[in-house]
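Worksheet: one structure, shown below.
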There are 2 protein chains.
Amino acid sequence: MNLEDIAKKAGVSRSTVSRVVNNDRYVSPRTREHVMTIIEQENYQPHPAARALVTQRHQIIGVAIPQTTNVFFGDNSYYPMLLQGIAQTTIERDYAMLLWLAQSHEERDDFSQRVIRNRQTDGLIITSVTEEDPLFAFLIEEKRLFVMVETPPRLADEVNYVTVDNVGATAFAVSHLVEMGRRRIATVTGQLNIRDGADRLEGYRLGLERAGLPIDPQLIIPGLFNWQSGYDGLKRLLPCQPDAIFAGGDTIAAGVIAAIHEAGLRVPDDIAVVGFDDLDVAVRTQPALTTVRHSVQKVGEVAAQVLIDLIEGRVQSPHHVLMPTELVVRRSTNALVETEEVYPILT
Amino acid sequence: MNLEDIAKKAGVSRSTVSRVVNNDRYVSPRTREHVMTIIEQENYQPHPAARALVTQRHQIIGVAIPQTTNVFFGDNSYYPMLLQGIAQTTIERDYAMLLWLAQSHEERDDFSQRVIRNRQTDGLIITSVTEEDPLFAFLIEEKRLFVMVETPPRLADEVNYVTVDNVGATAFAVSHLVEMGRRRIATVTGQLNIRDGADRLEGYRLGLERAGLPIDPQLIIPGLFNWQSGYDGLKRLLPCQPDAIFAGGDTIAAGVIAAIHEAGLRVPDDIAVVGFDDLDVAVRTQPALTTVRHSVQKVGEVAAQVLIDLIEGRVQSPHHVLMPTELVVRRSTNALVETEEVYPILT
DNA sequence: TTGTACGCGTTATCAC
DNA sequence: GTGATAACGCGTACAA
């Protein structure tokens, strides 16, 4: 079934059917209705490839995740939530989503090439890009349309992105620890070559500075966004006797808490813990975790909206969005809290 | 840059360039090499829509996950692992992956329609389909090419699928509990309208039967594939004084273990626990979890291989694959085990 | 308001 | 081996 067939059945020309399909104004209500009946009766669908060939639009957006396997499906619901958000928007806007998952670190160049060479998408959403990632460089070089879901490693004012104020939110979280009477505040970071990781470390420093506290390099443990880093990190910190830990992510925080318990110490009495992201795990630690909440799903939604708006020329490049965050205070920093107290973080 | 342009630069016809691009035999080595240089020099890529229009192939496979949001990104790395496996194969076979994520339960019909009506894929991989899922019915009705990654809810001998022997593996796990001296073996199941959930319950029954143990309905708690179900499930089981729990999934098992500890009991001394899947969480419970291991990632890989083989006519429908499983014995059932012992499960 | 005619970039089928 | 040429199914100026 194609335009021609429908046209014949309806006794009109191909163009008229095409107009009906594309909601063109110049069709009389009668013919429109008539053609519509035939279309529905025959369950006709325009052929996407034929349409793409002439419009040069595919109604598909790509999502590229250049992280290695273990990060993607590690103990970590970040990517699924992001994808869910993107999916939401694509459905609303009648697009489809092409997903690119990197396999191993070694094939990074291969992966980038593959994503770039593919021409079946109208634009790209990318995340977790490290500074030296070839994908980023290629996209810039080829002048491709893309939106990042974190602050770009460079060219921040030329690139489209949607992110949260990692620096400000972390500083706010650190201030909270100070308010709770903590003075030896340590941190276990996520990957520092990912912007989110680096920015949170910067926020940690900013928070200490604002409180007039010194920055002790011994209290800064670089890690990855996973449980093990938190666990190992705390063990390394113990000799320095910290009274609070800011973890670069909630899964890190979960590892930290496990290690604190294993050392026979109590949370928050001996060491308070703050995380970032408010993942599922945050309400499941013992005690529940104080953390910075931001909706990863919402970030995904907005990123897809921005990308599609760019594709359809509704907005201009570069386009930047900063999503709001809030501090969710639970018992890992304040034993007196009922279940949780939520404070908006102004940036 | 299109075929025509390349042809002009190379001083040959469009057809010749096309032959070079598609590795046709009937091109002399000289011309092939010559054309190749131009192609690489111009960084030429055939336009996928134009190609799809004539070949009726898109080189894209679709993946549809009709589960609601919370299941997809819940405390559960099943889907990410599956996607990673599928991605691996699509990259190897030079395909791309279109991902469909359902939003809410209510829009299930909408979702199915959307997946079905889209014509940009050459075939579909679907998972977590409940018996009454409209997607399954639509796919059958429209005679679309698809592969399931679990046993189909019906028409099992007509539908392509890749799965593990849930029944046999679970029975084996239950036998292991019996060998360890357990007699009051309870279970907390996953969704019973998903085949994996139902089959594991059947395996539980089979395992008890083989051991000559009675089946006590009070010891069977239906749940979902999540932590909370395990936690709540155990609380309901406590009055029945079970000495072992088979959990329908590892995340359920993690919830079970947490609740056991909260009740002041010990694992495995008072209650032994077995899970299914060997997710990351399995080595992180206290004590580490005995579980049925099967590579979800591998299942994804194979499912994509089967689908692409079907698309390319390398194999015939219906095609069925049963993936191997093994029992990983850790301390949640046997306190004497060093770290783990692995036993293949023959089916 | 409707129809005609052309082009989008390929592959496939012929001649040569 | 190579080169014309006809599809593939659609959108869209332009003519009517």
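How things are named: the first chain in the structure tokens is A, the next is B, and so on; residues count from 1 in each chain; ligands count from 1 in the order shown.
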Please identify which residues in region 105-301 of chain B DSSP calls helix (DSSP H, G or I) from the backbone, and express them as a VMD selection string. chain B and resid 105 to 117 134 to 141 166 to 179 195 to 210 217 to 219 227 to 240 250 to 262 280 to 283 296 to 301
Using only C-alpha atoms, which chain B residues lie at most 7 Å away from chain A, written as a list in words? Pro48, Ala49, Ala50, Ala52, Leu53, Thr69, Phe72, Phe73, Asp75, Ser77, Pro80, Met81, Gln84, Ala87, Gln88, Met97, Leu98, Leu99, Leu101, Gln103, Arg119, Gln120 and Asp280 of chain B
Write out as a Markdown table the residues of chain C that have any atom within 7 Å of an atom of chain A, one row each with the nearest atom pair and its distance in Å to one decimal, counting only C-alpha atoms (C1' of nucleotides), sorted by chain and then rising number.
```
| residue | atom | partner | partner_atom | distance |
| --- | --- | --- | --- | --- |
| C:DT1 | C1' | A:Tyr26 | CA | 6.3 |
| C:DG3 | C1' | A:Ser13 | CA | 6.3 |
| C:DC8 | C1' | A:Val54 | CA | 4.6 |
```
Within 10 Å of chain B, which residues of chain D come that close, and what is the closest atom pair and distance in Å for each? Count only C-alpha atoms (C1' of nucleotides) and give it as JSON lines.
```
{"residue": "D:DG1", "atom": "C1'", "partner": "B:Val27", "partner_atom": "CA", "distance": 5.9}
{"residue": "D:DT2", "atom": "C1'", "partner": "B:Thr16", "partner_atom": "CA", "distance": 7.0}
{"residue": "D:DG3", "atom": "C1'", "partner": "B:Ser13", "partner_atom": "CA", "distance": 6.1}
{"residue": "D:DA4", "atom": "C1'", "partner": "B:Ser13", "partner_atom": "CA", "distance": 9.1}
{"residue": "D:DA7", "atom": "C1'", "partner": "B:Val54", "partner_atom": "CA", "distance": 8.2}
{"residue": "D:DC8", "atom": "C1'", "partner": "B:Val54", "partner_atom": "CA", "distance": 4.6}
{"residue": "D:DG9", "atom": "C1'", "partner": "B:Leu53", "partner_atom": "CA", "distance": 7.4}
```
Output N, CA and C atoms (P, O5', C5', C4', C3', O3' and C1' of nucleotides) for every residue in the selection just made, as a CSV table (one decimal), in the first residue's frame.
```csv
chain,number,residue,atom,x,y,z
D,1,DG,P,35.8,-10.1,-15.2
D,1,DG,O5',35.3,-8.6,-15.5
D,1,DG,C5',35.6,-7.5,-14.7
D,1,DG,C4',35.6,-6.4,-15.6
D,1,DG,C3',35.0,-5.1,-14.9
D,1,DG,O3',35.7,-4.0,-15.5
D,1,DG,C1',33.6,-5.7,-16.7
D,2,DT,P,35.5,-2.6,-14.8
D,2,DT,O5',34.3,-2.0,-15.5
D,2,DT,C5',34.5,-1.5,-16.8
D,2,DT,C4',33.1,-1.0,-17.4
D,2,DT,C3',32.4,0.0,-16.6
D,2,DT,O3',32.5,1.3,-17.3
D,2,DT,C1',30.9,-1.6,-17.5
D,3,DG,P,32.0,2.6,-16.6
D,3,DG,O5',30.6,2.7,-17.4
D,3,DG,C5',30.6,2.6,-18.8
D,3,DG,C4',29.2,2.7,-19.3
D,3,DG,C3',28.3,3.8,-18.7
D,3,DG,O3',27.6,4.4,-19.7
D,3,DG,C1',27.2,1.7,-18.4
D,4,DA,P,26.9,5.8,-19.5
D,4,DA,O5',25.7,5.6,-20.4
D,4,DA,C5',24.4,5.8,-19.9
D,4,DA,C4',23.4,4.9,-20.5
D,4,DA,C3',22.0,5.4,-20.2
D,4,DA,O3',21.2,5.2,-21.3
D,4,DA,C1',22.4,3.2,-19.3
D,7,DA,P,9.9,0.7,-14.7
D,7,DA,O5',10.1,1.8,-13.6
D,7,DA,C5',9.4,1.7,-12.4
D,7,DA,C4',10.2,0.8,-11.4
D,7,DA,C3',9.8,1.0,-10.0
D,7,DA,O3',9.4,-0.2,-9.4
D,7,DA,C1',12.2,1.3,-10.3
D,8,DC,P,8.2,-0.2,-8.4
D,8,DC,O5',8.8,0.2,-7.0
D,8,DC,C5',9.9,-0.5,-6.4
D,8,DC,C4',10.4,0.4,-5.3
D,8,DC,C3',9.4,1.3,-4.7
D,8,DC,O3',8.8,0.7,-3.5
D,8,DC,C1',11.6,2.3,-4.9
D,9,DG,P,7.2,0.8,-3.4
D,9,DG,O5',7.0,2.2,-2.7
D,9,DG,C5',7.5,2.5,-1.4
D,9,DG,C4',7.4,3.9,-1.2
D,9,DG,C3',6.0,4.5,-1.3
D,9,DG,O3',5.7,5.1,-0.1
D,9,DG,C1',7.6,5.8,-2.4
```
Can you measure CA of Gly207 (chain A) to CA of Ala244 (chain A) for me? One decimal in Å is fine.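 Computed distance, CA of Gly207 (chain A) to CA of Ala244 (chain A), equals 13.3 Å.
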As a ChimeraX atom specification, please: the residues near region 305-319 of chain B (cut-off 10 Å, only C-alpha atoms (C1' of nucleotides), same-chain neighbours under 3 positions excluded). /B:57,59-61,86,88-90,92-93,95,122-125,145-148,156-162,299-302
Residues near Pro287 (chain B), anyone? I mean within 9 Å using only C-alpha atoms (C1' of nucleotides), not counting same-chain ones fewer than 6 positions away, as a PDB file with N, CA and C atoms, in the first residue's frame.
```
ATOM      1  N   ILE B 257      17.295 -10.991  52.571  1.00  0.00           N
ATOM      2  CA  ILE B 257      18.404 -11.038  53.519  1.00  0.00           C
ATOM      3  C   ILE B 257      18.338  -9.860  54.488  1.00  0.00           C
ATOM      4  N   VAL B 267      21.978 -15.650  58.424  1.00  0.00           N
ATOM      5  CA  VAL B 267      22.056 -16.332  57.133  1.00  0.00           C
ATOM      6  C   VAL B 267      23.430 -16.951  57.024  1.00  0.00           C
ATOM      7  N   PRO B 268      23.598 -18.236  56.757  1.00  0.00           N
ATOM      8  CA  PRO B 268      22.529 -19.195  56.474  1.00  0.00           C
ATOM      9  C   PRO B 268      22.061 -19.994  57.703  1.00  0.00           C
ATOM     10  N   ARG B 330      27.521 -19.752  47.235  1.00  0.00           N
ATOM     11  CA  ARG B 330      28.272 -18.854  48.116  1.00  0.00           C
ATOM     12  C   ARG B 330      27.771 -19.071  49.553  1.00  0.00           C
ATOM     13  N   ARG B 331      28.091 -18.145  50.428  1.00  0.00           N
ATOM     14  CA  ARG B 331      27.849 -18.439  51.838  1.00  0.00           C
ATOM     15  C   ARG B 331      26.404 -18.301  52.301  1.00  0.00           C
ATOM     16  N   SER B 332      25.543 -17.803  51.471  1.00  0.00           N
ATOM     17  CA  SER B 332      24.159 -17.655  51.929  1.00  0.00           C
ATOM     18  C   SER B 332      23.462 -19.004  52.054  1.00  0.00           C
ATOM     19  N   ALA B 335      27.983 -21.960  54.711  1.00  0.00           N
ATOM     20  CA  ALA B 335      28.927 -21.096  55.411  1.00  0.00           C
ATOM     21  C   ALA B 335      30.367 -21.558  55.241  1.00  0.00           C
TER      22      ALA B 335
END
```
Neighbouring residues of Thr163 (chain B) were defined as those with any atom within 8 Å, considering only C-alpha atoms (C1' of nucleotides); residues of the same chain fewer than 6 positions away were excluded. Please report them as a PyMOL selection string. chain B and resi 149-151+299+321-323
Tell me which of A:Arg183, A:Arg19, A:His261, A:Lys143 sits closest to DT12 (chain D), counting only C-alpha atoms (C1' of nucleotides). A:Arg19
What's the 12 Å shell around DA13 (chain D), counting only C-alpha atoms (C1' of nucleotides), without same-chain residues fewer than 4 positions away, as a PDB file with C-alpha atoms (C1' of nucleotides), in the first residue's frame?
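Generated file (out_7.pdb):
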```
ATOM      1  C1'  DT C   4       1.335  17.115 -13.189  1.00  0.00           C
ATOM      2  C1'  DA C   5       6.054  16.433 -13.184  1.00  0.00           C
ATOM      3  C1'  DC C   6      10.325  16.202 -11.212  1.00  0.00           C
ATOM      4  C1'  DG C   7      13.912  14.886  -7.931  1.00  0.00           C
TER       5       DG C   7
END
```
From a backbone DSSP assignment, name each residue in region 49-262 of chain B labelled strand (DSSP E), as a PyMOL selection string. chain B and resi 60-65+96-101+123-126+146-148+160-164+185-188+220-221+244-247
